[in-house]
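Data first, discussion second: the structure below is written as structure tokens.
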Amino acid sequence: MSTFVPSSKNLNRKWFVVDATGQTLGRLASNAARVLTGKNNPQYTPYIDTGDHVVIVNAEKINLTGLKSQQKVYRRYTGFPGGLREEEFTKLLARKPEAILEEAIKGMLPKSRLGRQMATKLKVYKGDKHPHDAQQPQALAFDAV
């Protein structure tokens, strides 16, 4: 008996739509990262991208628990001396809510070439419209705990 190893050529990737309305940021991000990596797939292999595509809509309606919405700060560095830029969660949510979900989900993916490939299958949109109707995405609901 030989071990079955899936090939990336004959994988059937599915498309899923997730509504972020009222969902907690971390729980939604960890569940989306699980689908992107393919860990919910029985053919999961750590060194092959077996994940599916995830489209997240209503990114501006994401929730945080406790006082995190007032205390959370996003930092990035421009590359120049003194170039540390900080932005509060509430301001980033008003300006670019897609960036909050993208950063949270990408932080849960592998830090390698494979992880960057998995991140290309993530699409996040503000509002309930998305341009991926031709792929016939299925609605995916995560268990709210």
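Ligands are numbered from 1 in the order shown, residues from 1 within each chain, and chains are lettered A, B, ... in the order they appear in the structure tokens.
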As a list in words, please: all residues of stretch 36-115 of chain A that backbone DSSP puts in helix (DSSP H, G or I). Leu36, Thr37, Ala59, Glu60, Lys61, Lys68, Ser69, Gln70, Gln71, Phe89, Thr90, Lys91, Leu92, Leu93, Ala94, Arg95, Pro97, Glu98, Ala99, Ile100, Leu101, Glu102, Glu103, Ala104, Ile105, Lys106, Arg113, Leu114 and Gly115 of chain A
Quick one: of A:Lys111, A:Arg75, A:Lys106, A:Lys96, who's nearest to A:Arg34, counting only C-alpha atoms? A:Lys106
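In the backbone-derived DSSP annotation, strand (DSSP E) within chain A comprises Trp15, Phe16, Val17, Val18, Asp19, His53, Val54, Val55, Ile56, Val57, Val73, Tyr74, Arg75, Arg76, Tyr77, Leu84, Arg85, Glu86, Glu87, Glu88, Leu122, Lys123, Val124, Gln138 and Ala139 of chain A.
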Just to confirm, what's the straight-line distance from atom CA of A:Pro137 to atom CA of A:Phe16 in Å (one decimal)? 4.9 Å
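Residues surrounding A:Leu36 within 9 Å are Asn31, Ala32, Ala33, Lys39, Asp49, Thr50, Gly51, Asp52, His53, Val54, Leu109, Met118, Ala119, Lys121 and Leu122 of chain A [only C-alpha atoms; sequence separation below 3 positions excluded].
Note that the spacing between atom CA of A:Tyr47 and atom CA of A:Lys9 amounts to 14.2 Å.
Note that atom CA of A:Asn12 and atom CA of A:Glu98 are 26.9 Å apart.
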Close residues, A:Leu64 itself excluded, 6 Å, only C-alpha atoms, min 3 positions apart in chain, as an MDAnalysis selection string: chainID A and resid 24:25 69
Generate the output file for the selected residues, N, CA, C and O atoms, as an mmCIF file, in the first residue's frame.
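Final file, out13.cif:
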data_model
loop_
_atom_site.group_PDB
_atom_site.id
_atom_site.type_symbol
_atom_site.label_atom_id
_atom_site.label_comp_id
_atom_site.auth_asym_id
_atom_site.auth_seq_id
_atom_site.Cartn_x
_atom_site.Cartn_y
_atom_site.Cartn_z
ATOM 1 N N THR A 24 -16.368 38.038 15.270
ATOM 2 C CA THR A 24 -15.183 38.464 16.005
ATOM 3 C C THR A 24 -13.964 38.315 15.097
ATOM 4 O O THR A 24 -13.822 37.311 14.402
ATOM 5 N N LEU A 25 -13.092 39.309 15.134
ATOM 6 C CA LEU A 25 -11.957 39.372 14.208
ATOM 7 C C LEU A 25 -11.069 38.135 14.277
ATOM 8 O O LEU A 25 -10.789 37.504 13.265
ATOM 9 N N SER A 69 -11.099 47.588 20.704
ATOM 10 C CA SER A 69 -11.409 48.557 19.649
ATOM 11 C C SER A 69 -10.877 49.946 19.976
ATOM 12 O O SER A 69 -10.595 50.727 19.062
#
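Nearest residue to A:Gln136 among A:Ala29, A:Val5, A:Val17, A:Ala104 is A:Val17, counting only C-alpha atoms.
With only C-alpha atoms as the atoms that count, the minimum distance from A:Gly38 to the choices A:Lys14, A:Ala139, A:Ile56, A:Asp128 is reached by A:Lys14.
Using only C-alpha atoms, the shortest contact distance between A:Pro42 and any of A:Pro97, A:Gly127, A:Gly115, A:Pro6 is found at A:Pro6.
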